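Participant: The structure under discussion is supplied below as structure tokens; questions concerning it will follow.
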Amino acid sequence: MTEQHPILITGAAGEVGSISGDIARRLIKQGYPVRAFVRTDDARAQALRDLGAEVFVGDLLKLADVVQALKGCRRIFFTMSVSPYYLDGNLVMVAAALQQGNIEIFVNISNIEQSYMTFEHMSAPTSDRLKWLGGLVDDWSPQQRAHWLSEQALNWSGLPAVNLRATIFVENPLLTWIPIKNVMENGELNLSFANAKMSPIAATDVAEVCTNILVQPNEHIGKNYALTGPELVGGNEFAQALSSVLGYEVQYVAKPLESSDQVLDAVLAERSAHTASHLKNLTRLIAGGRYEEVTDTLEKLLGRSPTHLKEALASNERVLRARDRD
């Protein structure tokens, strides 16, 4: 990679669960030029400039902005926050990449559901989908469907793409944002997963994998990687890991799905009904056992053991702020 071909990173100033900024930092540290696509020119954008990134301020939904941002780039990392316009943003980038040509790799962040969202399952009768998805929901969320369509479009485009299908991040609002207030005040971890387990993944591990692929893309082109954390954990194990990090006892107290819905509506629905709907669906998929899977793909791609839950929590800013409940 030369100075004439910066790597385009979208979502570079993201917040919750964002890996783009981490990828930009890793690439710059290794001497690669980075063009960071951000929505707003704020302190986070300036921090990227200070690191050495070229910052492009624009809108992923505007073709003119995307075309301008992509000029001179041959490698793309695409992500976008949960949004009803996610598919639009992805397709705009695909169209711009096709028109420009010379693209060497299009790294697309997807989600673990794409490994389950086969055409056969998605077109099955409602009763079959309900049973197969764990009995608590009979369909995927609009956000998950947008990811599915994005993957289809990338396949149709013929672009040299790789889809990274990550499971729920440790940094997901369901795990380390929304519950933390009650953890601090009452020592209770309230989740609505019943006795189901999951394998949460550390954002930093996904960022490392993405960086490696952007630097050496050839062997990854055309691949779909299902990425999970290294261990299955339920609510009790999650509470134990939090207790160890926080230095005070945290108990897992399972809540009914309706209670979780009310919290999500109160916290998110006014700002984004789409996000609230997605997280409600995600909660039901987890509670139904759909996320009880561990793969060794992440370990193979990293060439080391993935980050375990306790380690990920110990480096999470929200969790660290909760150490002092006073």
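Chains: A, B, ... in order of the structure tokens. Residues: from 1 per chain. Ligands: from 1, in order shown.
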Using DSSP on the backbone, list every residue of range 79-292 of chain A that comes out as strand (DSSP E or B), and give them as a list of chain:residue names.

Facilitator: A:Ile105, A:Phe106, A:Val107, A:Asn108, A:Ile109, A:Ser110, A:Asn111, A:Ala161, A:Val162, A:Asn163, A:Leu164, A:Arg165, A:Ala166, A:Phe169, A:Glu188, A:Leu189, A:Asn190, A:Leu191, A:Met198, A:Ile201, A:Asn224, A:Tyr225, A:Ala226, A:Leu227, A:Val233, A:Gln251, A:Tyr252, A:Val253, A:Ala254

Participant: Since we have the selection now, will you write its residues out, keeping N, CA and C atoms, as a CSV table (one decimal), in the first residue's frame?

Facilitator:
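The new file out15.csv reads:
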```
chain,number,residue,atom,x,y,z
A,105,ILE,N,-10.3,-4.5,-2.1
A,105,ILE,CA,-11.1,-5.2,-1.1
A,105,ILE,C,-12.1,-4.3,-0.5
A,106,PHE,N,-13.3,-4.9,-0.3
A,106,PHE,CA,-14.4,-4.2,0.3
A,106,PHE,C,-14.7,-5.0,1.6
A,107,VAL,N,-14.3,-4.6,2.7
A,107,VAL,CA,-14.5,-5.3,4.0
A,107,VAL,C,-15.9,-4.8,4.5
A,108,ASN,N,-16.8,-5.7,4.6
A,108,ASN,CA,-18.2,-5.4,5.0
A,108,ASN,C,-18.5,-6.0,6.4
A,109,ILE,N,-18.8,-5.1,7.4
A,109,ILE,CA,-19.2,-5.6,8.7
A,109,ILE,C,-20.7,-6.0,8.6
A,110,SER,N,-20.9,-7.3,8.9
A,110,SER,CA,-22.3,-7.8,8.9
A,110,SER,C,-22.6,-8.3,10.3
A,111,ASN,N,-23.5,-9.3,10.4
A,111,ASN,CA,-23.8,-9.8,11.7
A,111,ASN,C,-24.0,-11.3,11.6
A,161,ALA,N,-15.1,-8.7,-2.1
A,161,ALA,CA,-15.6,-8.4,-0.8
A,161,ALA,C,-15.4,-9.5,0.2
A,162,VAL,N,-15.4,-9.2,1.5
A,162,VAL,CA,-15.4,-10.1,2.5
A,162,VAL,C,-16.4,-9.7,3.6
A,163,ASN,N,-17.3,-10.6,4.0
A,163,ASN,CA,-18.3,-10.3,5.0
A,163,ASN,C,-17.9,-10.8,6.4
A,164,LEU,N,-17.7,-9.9,7.4
A,164,LEU,CA,-17.4,-10.3,8.7
A,164,LEU,C,-18.7,-10.4,9.5
A,165,ARG,N,-19.2,-11.6,9.8
A,165,ARG,CA,-20.5,-11.7,10.5
A,165,ARG,C,-20.2,-11.9,12.0
A,166,ALA,N,-20.2,-10.8,12.7
A,166,ALA,CA,-19.9,-10.8,14.1
A,166,ALA,C,-21.1,-11.0,15.0
A,169,PHE,N,-21.6,-7.8,20.3
A,169,PHE,CA,-20.4,-7.3,20.9
A,169,PHE,C,-20.6,-7.2,22.4
A,188,GLU,N,-27.6,-5.4,40.6
A,188,GLU,CA,-28.3,-6.3,39.8
A,188,GLU,C,-28.1,-6.1,38.3
A,189,LEU,N,-27.8,-7.2,37.7
A,189,LEU,CA,-27.7,-7.2,36.2
A,189,LEU,C,-29.0,-7.7,35.7
A,190,ASN,N,-29.8,-6.8,35.1
A,190,ASN,CA,-31.1,-7.2,34.6
A,190,ASN,C,-31.1,-7.4,33.1
A,191,LEU,N,-31.2,-8.6,32.7
A,191,LEU,CA,-31.3,-9.0,31.3
A,191,LEU,C,-32.5,-9.8,31.1
A,198,MET,N,-24.9,-17.1,25.3
A,198,MET,CA,-24.4,-16.4,24.1
A,198,MET,C,-22.8,-16.4,24.2
A,201,ILE,N,-18.5,-11.0,21.7
A,201,ILE,CA,-17.2,-10.8,21.1
A,201,ILE,C,-16.7,-9.4,21.5
A,224,ASN,N,-16.9,-15.5,3.8
A,224,ASN,CA,-17.9,-15.0,4.9
A,224,ASN,C,-17.4,-15.6,6.2
A,225,TYR,N,-17.1,-14.8,7.1
A,225,TYR,CA,-16.6,-15.3,8.4
A,225,TYR,C,-17.6,-15.1,9.5
A,226,ALA,N,-18.0,-16.2,10.2
A,226,ALA,CA,-18.9,-16.2,11.3
A,226,ALA,C,-18.0,-16.0,12.6
A,227,LEU,N,-18.0,-14.9,13.2
A,227,LEU,CA,-17.2,-14.6,14.3
A,227,LEU,C,-17.9,-14.6,15.7
A,233,VAL,N,-21.6,-17.9,27.6
A,233,VAL,CA,-21.9,-17.3,28.9
A,233,VAL,C,-23.4,-17.0,29.0
A,251,GLN,N,-25.5,-9.6,41.0
A,251,GLN,CA,-26.4,-10.7,40.8
A,251,GLN,C,-27.2,-10.6,39.5
A,252,TYR,N,-27.3,-11.7,38.8
A,252,TYR,CA,-28.1,-11.7,37.6
A,252,TYR,C,-29.6,-11.9,38.0
A,253,VAL,N,-30.4,-11.0,37.6
A,253,VAL,CA,-31.9,-11.1,37.8
A,253,VAL,C,-32.6,-11.0,36.5
A,254,ALA,N,-33.0,-12.2,36.0
A,254,ALA,CA,-33.7,-12.2,34.7
A,254,ALA,C,-35.0,-11.5,34.8
```

Participant: Rounded to one decimal in Å, what is the spacing between CA of Ala322 in chain A and CA of Asn186 in chain A?

Facilitator: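 So the two atoms, CA of Ala322 in chain A and CA of Asn186 in chain A, lie 11.9 Å apart.
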
Participant: So which residues touch Thr283 in chain A within 7 Å, counting only C-alpha atoms, skipping near sequence neighbours fewer than 3 positions away, as a list in words?

Facilitator: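 Contacts, with the query itself left out: Ser192, Phe193, Leu279, Lys280, Ile286 and Ala287 of chain A.
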
Participant: Between A:Thr79, A:Asp205, A:Phe119, A:Val170, single out the one closest to His147 in chain A, counting only C-alpha atoms.

Facilitator: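 Distance minimum relative to His147 in chain A lands on A:Thr79.
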
Participant: DSSP on the backbone, then: every residue of range 68-273 of chain A marked helix (DSSP H, G or I), written as a PyMOL selection string.

Facilitator: chain A and resi 68-70+86-100+112-115+119-122+126-132+142-157+173-176+180-186+203-215+218-220+235-246+257-269+273

Participant: Those selected residues, please, written with C-alpha atoms and delivered as a compact mmCIF listing (two decimals), in the first residue's frame.

Facilitator:
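This is the output file result_34.txt:
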```txt
# COMPACT_ATOMS: atom_id res chain seq x y z
CA GLN A 68 -15.52 12.16 -3.50
CA ALA A 69 -14.46 10.28 -0.37
CA LEU A 70 -13.57 7.17 -2.37
CA TYR A 86 -28.46 1.20 6.42
CA LEU A 87 -29.18 -0.59 3.14
CA ASP A 88 -29.23 2.73 1.28
CA GLY A 89 -25.80 3.66 2.64
CA ASN A 90 -24.33 0.29 1.78
CA LEU A 91 -25.72 0.33 -1.77
CA VAL A 92 -24.46 3.87 -2.36
CA MET A 93 -20.95 2.71 -1.43
CA VAL A 94 -21.26 -0.37 -3.65
CA ALA A 95 -22.40 1.78 -6.59
CA ALA A 96 -19.54 4.24 -6.11
CA ALA A 97 -17.00 1.42 -5.80
CA LEU A 98 -18.25 -0.24 -8.98
CA GLN A 99 -18.17 3.00 -10.93
CA GLN A 100 -14.65 3.84 -9.79
CA ILE A 112 -23.91 -13.45 12.84
CA GLU A 113 -27.56 -13.80 11.84
CA GLN A 114 -26.47 -13.83 8.19
CA SER A 115 -25.10 -17.32 8.75
CA PHE A 119 -33.25 -18.15 1.63
CA GLU A 120 -34.92 -21.39 2.75
CA HIS A 121 -35.33 -20.23 6.35
CA MET A 122 -36.45 -16.74 5.44
CA THR A 126 -44.34 -18.41 9.94
CA SER A 127 -44.75 -21.39 12.26
CA ASP A 128 -41.51 -22.94 11.00
CA ARG A 129 -39.59 -19.70 11.41
CA LEU A 130 -40.96 -19.25 14.93
CA LYS A 131 -39.79 -22.73 15.94
CA TRP A 132 -36.41 -22.42 14.23
CA PRO A 142 -35.46 -4.80 9.65
CA GLN A 143 -31.81 -4.08 10.46
CA GLN A 144 -30.88 -7.74 10.09
CA ARG A 145 -32.77 -7.93 6.80
CA ALA A 146 -30.88 -4.85 5.60
CA HIS A 147 -27.60 -6.62 6.31
CA TRP A 148 -28.85 -9.67 4.41
CA LEU A 149 -29.77 -7.57 1.38
CA SER A 150 -26.44 -5.76 1.57
CA GLU A 151 -24.60 -9.08 1.39
CA GLN A 152 -26.73 -10.12 -1.58
CA ALA A 153 -25.92 -6.87 -3.36
CA LEU A 154 -22.20 -7.28 -2.72
CA ASN A 155 -22.38 -10.78 -4.18
CA TRP A 156 -24.24 -9.52 -7.25
CA SER A 157 -21.79 -6.64 -7.70
CA PRO A 173 -26.08 -1.44 24.64
CA LEU A 174 -28.00 -4.52 25.83
CA LEU A 175 -24.96 -5.72 27.78
CA THR A 176 -22.84 -2.80 28.92
CA ILE A 180 -25.13 -0.51 34.00
CA LYS A 181 -27.21 2.01 35.98
CA ASN A 182 -29.03 -0.74 37.84
CA VAL A 183 -25.76 -2.61 38.34
CA MET A 184 -24.35 0.45 40.06
CA GLU A 185 -27.44 1.27 42.12
CA ASN A 186 -28.70 -2.17 43.11
CA ALA A 203 -14.85 -5.09 19.57
CA THR A 204 -11.06 -4.83 19.73
CA ASP A 205 -10.71 -8.38 18.36
CA VAL A 206 -12.95 -7.58 15.39
CA ALA A 207 -10.97 -4.39 14.76
CA GLU A 208 -7.73 -6.40 14.70
CA VAL A 209 -9.16 -8.89 12.21
CA CYS A 210 -10.44 -6.11 9.96
CA THR A 211 -7.06 -4.38 10.05
CA ASN A 212 -5.27 -7.60 9.09
CA ILE A 213 -7.61 -8.16 6.16
CA LEU A 214 -7.24 -4.59 4.90
CA VAL A 215 -3.45 -4.94 5.00
CA ASN A 218 -6.00 -11.53 -1.11
CA GLU A 219 -6.67 -14.73 0.82
CA HIS A 220 -9.92 -13.36 2.26
CA GLY A 235 -26.58 -14.14 32.73
CA ASN A 236 -24.99 -15.66 35.83
CA GLU A 237 -21.56 -15.93 34.21
CA PHE A 238 -21.87 -12.38 32.91
CA ALA A 239 -22.72 -11.14 36.40
CA GLN A 240 -19.75 -13.02 37.86
CA ALA A 241 -17.40 -11.41 35.34
CA LEU A 242 -18.82 -7.98 36.18
CA SER A 243 -18.40 -8.68 39.91
CA SER A 244 -14.75 -9.53 39.39
CA VAL A 245 -14.07 -6.36 37.41
CA LEU A 246 -16.13 -4.00 39.57
CA LEU A 257 -39.29 -9.63 27.83
CA GLU A 258 -42.02 -7.05 28.36
CA SER A 259 -39.86 -5.34 30.97
CA SER A 260 -36.94 -5.19 28.56
CA ASP A 261 -39.23 -3.75 25.87
CA GLN A 262 -40.32 -0.98 28.21
CA VAL A 263 -36.72 -0.08 29.04
CA LEU A 264 -35.73 0.01 25.38
CA ASP A 265 -38.72 2.18 24.53
CA ALA A 266 -37.89 4.57 27.35
CA VAL A 267 -34.21 4.80 26.47
CA LEU A 268 -34.21 4.57 22.68
CA ALA A 269 -37.59 4.75 20.99
CA ALA A 273 -37.63 3.45 17.06
```

Participant: Nearest to Ser315 in chain A among A:Leu282, A:Ala202, A:Gly247, A:Gly52, with distances taken over only C-alpha atoms: which residue is it?

Facilitator: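 Between A:Leu282, A:Ala202, A:Gly247, A:Gly52, the residue approaching Ser315 in chain A most closely is A:Ala202.
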
Participant: In Å to one decimal, how far is CA of Glu293 in chain A from CA of Pro160 in chain A?

Facilitator: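 These two atoms are separated by 28.1 Å.
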
Participant: Taking into account only C-alpha atoms, which residue in the set A:Ala276, A:Cys73, A:Leu60, A:Val294 is nearest to Leu232 in chain A?

Facilitator: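 Closest to Leu232 in chain A, using only C-alpha atoms: A:Val294.
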
Participant: Calculated over only C-alpha atoms, which of the candidates A:Leu51, A:Ala194, A:Val250, A:Ala36 has the smallest distance to Gly234 in chain A?

Facilitator: A:Ala194

Participant: What gap, in Å, lies between CA of Arg25 in chain A and CA of Leu159 in chain A?

Facilitator: 25.7 Å

Participant: Given only C-alpha atoms as the basis, pick out the residue of A:Asn316, A:Ser277, A:Thr228, A:Ser305 nearest to Glu292 in chain A.

Facilitator: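 Distance minimum relative to Glu292 in chain A lands on A:Thr228.
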